[in-house]
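The next block holds one structure in the form of structure tokens; read it before the comments.
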2 protein chains.
Amino acid sequence: MAEQAETLRRTPLSRDRILHAAVALADLAGIESLSMRNLAQDLGVVPMALYKHVANKDELLDGMIDVVVGEIDPPVRDAGWKHTVRRRILSAREMLRRHPWAPLAIESRNMATPALLAYLDSMVGALRAGGFSTDLAHHVMHAMGSRILGFSQELFDASRRAGRSGATDPEPPAAFPPEVAARFPHLAEIAVAASHDDASVVGQGCDDQFEFEFALDLLLDGIERLHQEGWTSSRRPR
Amino acid sequence: MAEQAETLRRTPLSRDRILHAAVALADLAGIESLSMRNLAQDLGVVPMALYKHVANKDELLDGMIDVVVGEIDPPVRDAGWKHTVRRRILSAREMLRRHPWAPLAIESRNMATPALLAYLDSMVGALRAGGFSTDLAHHVMHAMGSRILGFSQELFDASRRAGRSGATDPEPPAAFPPEVAARFPHLAEIAVAASHDDASVVGQGCDDQFEFEFALDLLLDGIERLHQEGWTSSRRPR
DNA sequence: CACGGTAGGTGTACGCCGTACACTCGTCAA
DNA sequence: TTGACGAGTGTACGGCGTACACCTACCGTG
């Protein structure tokens with residue numbers, strides 16, 4: 001018995017084991033009770049042991065996000081863009097329902113994690129494959145905003161540094177570094193399309209206000225159409 | 001000079017002074033450096049003094065949210081619903097740009113504050129005044145989701161208890177208490193409309209999945225239309 | 001087989017946080 | 001004059017993230 005306990009305890013810690021335990025703990029007990037100390041206790045280990053595998057708590061959260069974003073179904077092949085996008089987004093939504101802490105966690109990080117970038121990149125890819133111009137694909141990604149994962153109006157928005165100093169912190173936009181661009185070609189494509197889009201842009205890659213109004217008007221126009229048609233929810237599918 | 005300092009220090013603390021100082025501190029230094037201790041120091045007071053005016057930090061955050069939501073412009077009178085709604089939402093967006101910590105703060109609270117309810121109620125009011133059925137108005141509010149304040153897919157969603165125990169916590173839906181319903185008549189109206197909407201609903205007031213797909217399809221259909229029309233951002237307004 | 005380096009787990013400690021609780025002290029009604 | 005009361009104070013506690021020094025079991029090399 002002592003042997004067994006020791007064997008269990010000896011199961012080696014690893015970044016992956018830590019990340020999955022953290023996700024499980026957040027799912028079960030809520031994100032606010034995910035502390036390094038609680039997590040370590042769940043793993044039968046002393047808190048500082050975790051730091052041999054994750055740099056700090058922020059990096060732990062990033063890792064957790066990558067884990068759950070990795071649960072989103074891969075894109076369906078050989079279907080129209082609309083069906084592909086729709087399926088993917090509904091799958092993302094299911095993931096979010098399994099991990100209710102995720103939207104807030106994702107939104108509170110101030111940069112996208114690799115898995116998230118991959119998800120977004122493949123979404124842009126689906127649009128491009130469907131014949132969308134980089135221009136339209138770009139605005140569509142903004143318009144989707146919160147729908148696209150159920151969160152985050154502006155994933156790359158500078159104002160997303162919500163937590164950080166409100167003071168001006170005018171780092172150059174820097175597009176993204178070439179090796180990142182290589183891994184996420186569709187994102188890179190719409191990013192450059194946006195950056196020499198027109199002259200109204202100062203230093204930023206895209207015009208926030210325009211994107212916001214684009215999405216807002218897309219919705220309002222759709223709503224207006226429903227209203228004029230006398231839409232009612234009784235023609236509910238299924 | 002000592003006199004003056006004393007006079008300054010004697011400026012009596014009040015809930016309002018605390019709330020506005022807290023908003024200013026969060027604007028300037030970021031929400032993560034808003035601690036009861038820092039805030040008290042800004043006010044020239046000892047931390048525990050704050051607790052004579054706010055119950056705890058959560059209530060402080062609620063108060064801050066009410067302050068900033070109160071900055072949103074009142075609805076314009078005698079304009080079409082579309083213009084009214086559009087203006088209001090753009091005003092909300094401006095407020096959010098002044099207070100970049102607000103979206104996260106709002107999303108992280110697990111229930112709406114009074115000012116927020118008032119804002120939503122008046123938004124529903126604008127739709128109803130424009131001739132929308134309670135049914136359509138209800139779905140539209142869901143569809144607006146993150147647009148409506150720039151945040152929060154599901155303001156009333158039970159899954160919004162993101163921070164709390166993921167375990168089942170099946171409180172009765174309880175609509176809302178009558179005195180609240182009286183203060184926010186339009187919200188109450190669409191809430192009851194949703195609750196005896198159809199039989200597919202189990203205990204919850206509305207069908208999350210339906211609302212999500214409603215909004216998603218509204219966007220996708222609008223996007224499809226743009227795509228077919230060969231939309232391009234060069235016909236940019238202004 | 002001996003050994004030294006190294007990776008992974010430990011223990012202690014520090015400075016921050018929110019806030020409970022007991023207190024002081026100035027003001028004002030009786 | 002007094003005494004109650006409400007605003008601000010001081011002290012203290014438990015929890016947090018994590019820096020830093022330490023131990024120790026293992027493994028490749030001589």
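Lettering and numbering for the structure tokens are positional, with chains as A, B, ... in the shown order, residues counted from 1 in each chain, and ligands counted from 1 in the shown order.
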
Counting only C-alpha atoms (C1' of nucleotides), which residues in chain B sit no more than 10 Å from chain C? For each one, give the nearest pair of atoms and the distance in Å, sorted by chain then residue number, as JSON lines.
{"residue": "B:Ser35", "atom": "CA", "partner": "C:DC17", "partner_atom": "C1'", "distance": 7.7}
{"residue": "B:Met36", "atom": "CA", "partner": "C:DG18", "partner_atom": "C1'", "distance": 7.7}
{"residue": "B:Arg37", "atom": "CA", "partner": "C:DC17", "partner_atom": "C1'", "distance": 8.6}
{"residue": "B:Pro47", "atom": "CA", "partner": "C:DT19", "partner_atom": "C1'", "distance": 9.6}
{"residue": "B:Met48", "atom": "CA", "partner": "C:DT19", "partner_atom": "C1'", "distance": 8.0}
{"residue": "B:Tyr51", "atom": "CA", "partner": "C:DT19", "partner_atom": "C1'", "distance": 8.8}
{"residue": "B:Asn56", "atom": "CA", "partner": "C:DT19", "partner_atom": "C1'", "distance": 8.0}
{"residue": "B:Lys57", "atom": "CA", "partner": "C:DG18", "partner_atom": "C1'", "distance": 7.8}

Contact check, chain D to chain A, at most 12 Å, counting only C-alpha atoms (C1' of nucleotides), closest pairs as a tab-separated table:
residue	atom	partner	partner_atom	distance
D:DG15	C1'	A:Arg37	CA	9.5
D:DC16	C1'	A:Ser35	CA	7.7
D:DG17	C1'	A:Met36	CA	7.7
D:DT18	C1'	A:Met48	CA	8.0
D:DA19	C1'	A:Met48	CA	10.4
D:DC20	C1'	A:Met48	CA	11.2

Inset, instruction - Find the residues around stretch 126-129 of chain B up to 8 Å (only C-alpha atoms (C1' of nucleotides) counted), leave out those fewer than 4 positions away in its own chain, and share them as a list in words. - result: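 Contacts, in chain order: Trp81, Thr84, Val85, Ser122, Ser133, Thr134 and Ala137 of chain B.
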
Quick one: write out the picked residues with N, CA and C atoms as a PDB file, in the first residue's frame?
ATOM      1  N   TRP B  81     -35.214  53.245 -34.971  1.00  0.00           N
ATOM      2  CA  TRP B  81     -34.583  52.310 -34.040  1.00  0.00           C
ATOM      3  C   TRP B  81     -33.130  52.053 -34.437  1.00  0.00           C
ATOM      4  N   THR B  84     -30.899  54.945 -33.500  1.00  0.00           N
ATOM      5  CA  THR B  84     -30.810  55.012 -32.040  1.00  0.00           C
ATOM      6  C   THR B  84     -29.871  53.943 -31.494  1.00  0.00           C
ATOM      7  N   VAL B  85     -30.089  52.723 -31.954  1.00  0.00           N
ATOM      8  CA  VAL B  85     -29.278  51.608 -31.459  1.00  0.00           C
ATOM      9  C   VAL B  85     -27.821  51.797 -31.864  1.00  0.00           C
ATOM     10  N   SER B 122     -33.080  49.914 -21.870  1.00  0.00           N
ATOM     11  CA  SER B 122     -33.415  51.005 -22.780  1.00  0.00           C
ATOM     12  C   SER B 122     -33.123  50.603 -24.228  1.00  0.00           C
ATOM     13  N   SER B 133     -41.201  42.748 -32.444  1.00  0.00           N
ATOM     14  CA  SER B 133     -41.915  41.874 -31.517  1.00  0.00           C
ATOM     15  C   SER B 133     -40.992  41.563 -30.333  1.00  0.00           C
ATOM     16  N   THR B 134     -41.591  41.182 -29.220  1.00  0.00           N
ATOM     17  CA  THR B 134     -40.737  40.798 -28.085  1.00  0.00           C
ATOM     18  C   THR B 134     -39.844  39.637 -28.482  1.00  0.00           C
ATOM     19  N   ALA B 137     -37.029  40.979 -30.681  1.00  0.00           N
ATOM     20  CA  ALA B 137     -36.175  41.830 -29.848  1.00  0.00           C
ATOM     21  C   ALA B 137     -35.285  40.985 -28.943  1.00  0.00           C
TER      22      ALA B 137
END

Inset, instruction - Within stretch 2-47 of chain A, find each residue whose DSSP state, derived from the backbone, is helix (DSSP H, G or I), and express the selection as an NGL selection string. - result: :A and (2-10 or 15-29 or 31-33 or 36-42 or 47)

Selection to disk with N, CA and C atoms, as a compact mmCIF listing (two decimals), in the first residue's frame:
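Once written, result_38.txt looks like this:
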# COMPACT_ATOMS: atom_id res chain seq x y z
N ALA A 2 1.84 1.22 0.93
CA ALA A 2 2.81 2.32 0.93
C ALA A 2 3.55 2.31 -0.41
N GLU A 3 3.80 1.07 -0.87
CA GLU A 3 4.45 0.91 -2.18
C GLU A 3 3.63 1.60 -3.27
N GLN A 4 2.32 1.28 -3.25
CA GLN A 4 1.45 1.85 -4.29
C GLN A 4 1.42 3.37 -4.22
N ALA A 5 1.27 3.86 -3.00
CA ALA A 5 1.25 5.31 -2.82
C ALA A 5 2.52 5.93 -3.38
N GLU A 6 3.62 5.24 -3.08
CA GLU A 6 4.88 5.78 -3.55
C GLU A 6 4.95 5.74 -5.08
N THR A 7 4.46 4.64 -5.65
CA THR A 7 4.44 4.52 -7.11
C THR A 7 3.63 5.66 -7.71
N LEU A 8 2.46 5.89 -7.12
CA LEU A 8 1.61 6.96 -7.62
C LEU A 8 2.34 8.29 -7.54
N ARG A 9 2.94 8.51 -6.41
CA ARG A 9 3.61 9.78 -6.24
C ARG A 9 4.79 9.90 -7.21
N ARG A 10 5.35 8.75 -7.55
CA ARG A 10 6.52 8.78 -8.42
C ARG A 10 6.17 9.00 -9.89
N ARG A 15 5.17 18.80 -17.99
CA ARG A 15 4.39 19.96 -18.39
C ARG A 15 2.98 19.55 -18.78
N ASP A 16 2.88 18.47 -19.51
CA ASP A 16 1.58 18.01 -19.97
C ASP A 16 0.68 17.57 -18.82
N ARG A 17 1.25 16.81 -17.91
CA ARG A 17 0.46 16.36 -16.77
C ARG A 17 -0.02 17.56 -15.96
N ILE A 18 0.85 18.54 -15.79
CA ILE A 18 0.49 19.74 -15.05
C ILE A 18 -0.65 20.49 -15.75
N LEU A 19 -0.49 20.67 -17.05
CA LEU A 19 -1.49 21.41 -17.81
C LEU A 19 -2.86 20.73 -17.73
N HIS A 20 -2.87 19.43 -17.91
CA HIS A 20 -4.16 18.73 -17.88
C HIS A 20 -4.77 18.74 -16.48
N ALA A 21 -3.93 18.61 -15.47
CA ALA A 21 -4.44 18.70 -14.10
C ALA A 21 -5.03 20.08 -13.84
N ALA A 22 -4.37 21.09 -14.38
CA ALA A 22 -4.84 22.46 -14.18
C ALA A 22 -6.19 22.67 -14.86
N VAL A 23 -6.33 22.15 -16.06
CA VAL A 23 -7.61 22.26 -16.77
C VAL A 23 -8.70 21.55 -15.99
N ALA A 24 -8.38 20.36 -15.50
CA ALA A 24 -9.36 19.59 -14.74
C ALA A 24 -9.77 20.34 -13.48
N LEU A 25 -8.78 20.91 -12.81
CA LEU A 25 -9.08 21.65 -11.59
C LEU A 25 -9.96 22.87 -11.87
N ALA A 26 -9.63 23.58 -12.92
CA ALA A 26 -10.43 24.77 -13.28
C ALA A 26 -11.84 24.36 -13.68
N ASP A 27 -11.97 23.27 -14.41
CA ASP A 27 -13.29 22.78 -14.80
C ASP A 27 -14.13 22.46 -13.57
N LEU A 28 -13.48 21.81 -12.62
CA LEU A 28 -14.20 21.26 -11.48
C LEU A 28 -14.47 22.30 -10.42
N ALA A 29 -13.50 23.12 -10.14
CA ALA A 29 -13.58 23.99 -8.96
C ALA A 29 -13.63 25.47 -9.31
N ILE A 31 -12.04 28.69 -11.98
CA ILE A 31 -10.72 29.25 -12.24
C ILE A 31 -10.16 29.98 -11.03
N GLU A 32 -11.04 30.53 -10.19
CA GLU A 32 -10.54 31.32 -9.06
C GLU A 32 -9.93 30.43 -7.98
N SER A 33 -10.19 29.14 -8.05
CA SER A 33 -9.51 28.30 -7.06
C SER A 33 -8.37 27.52 -7.70
N MET A 36 -1.37 27.95 -7.68
CA MET A 36 -0.21 27.06 -7.80
C MET A 36 -0.20 26.07 -6.64
N ARG A 37 -0.62 26.55 -5.49
CA ARG A 37 -0.61 25.68 -4.31
C ARG A 37 -1.64 24.57 -4.41
N ASN A 38 -2.87 24.92 -4.82
CA ASN A 38 -3.90 23.90 -4.96
C ASN A 38 -3.53 22.88 -6.03
N LEU A 39 -3.04 23.40 -7.12
CA LEU A 39 -2.67 22.53 -8.23
C LEU A 39 -1.59 21.55 -7.81
N ALA A 40 -0.59 22.08 -7.10
CA ALA A 40 0.49 21.22 -6.63
C ALA A 40 -0.06 20.13 -5.70
N GLN A 41 -0.96 20.52 -4.86
CA GLN A 41 -1.55 19.55 -3.93
C GLN A 41 -2.27 18.45 -4.69
N ASP A 42 -3.05 18.82 -5.71
CA ASP A 42 -3.73 17.83 -6.54
C ASP A 42 -2.74 16.84 -7.15
N PRO A 47 4.45 23.04 -4.06
CA PRO A 47 4.18 24.08 -5.08
C PRO A 47 5.36 24.39 -5.99
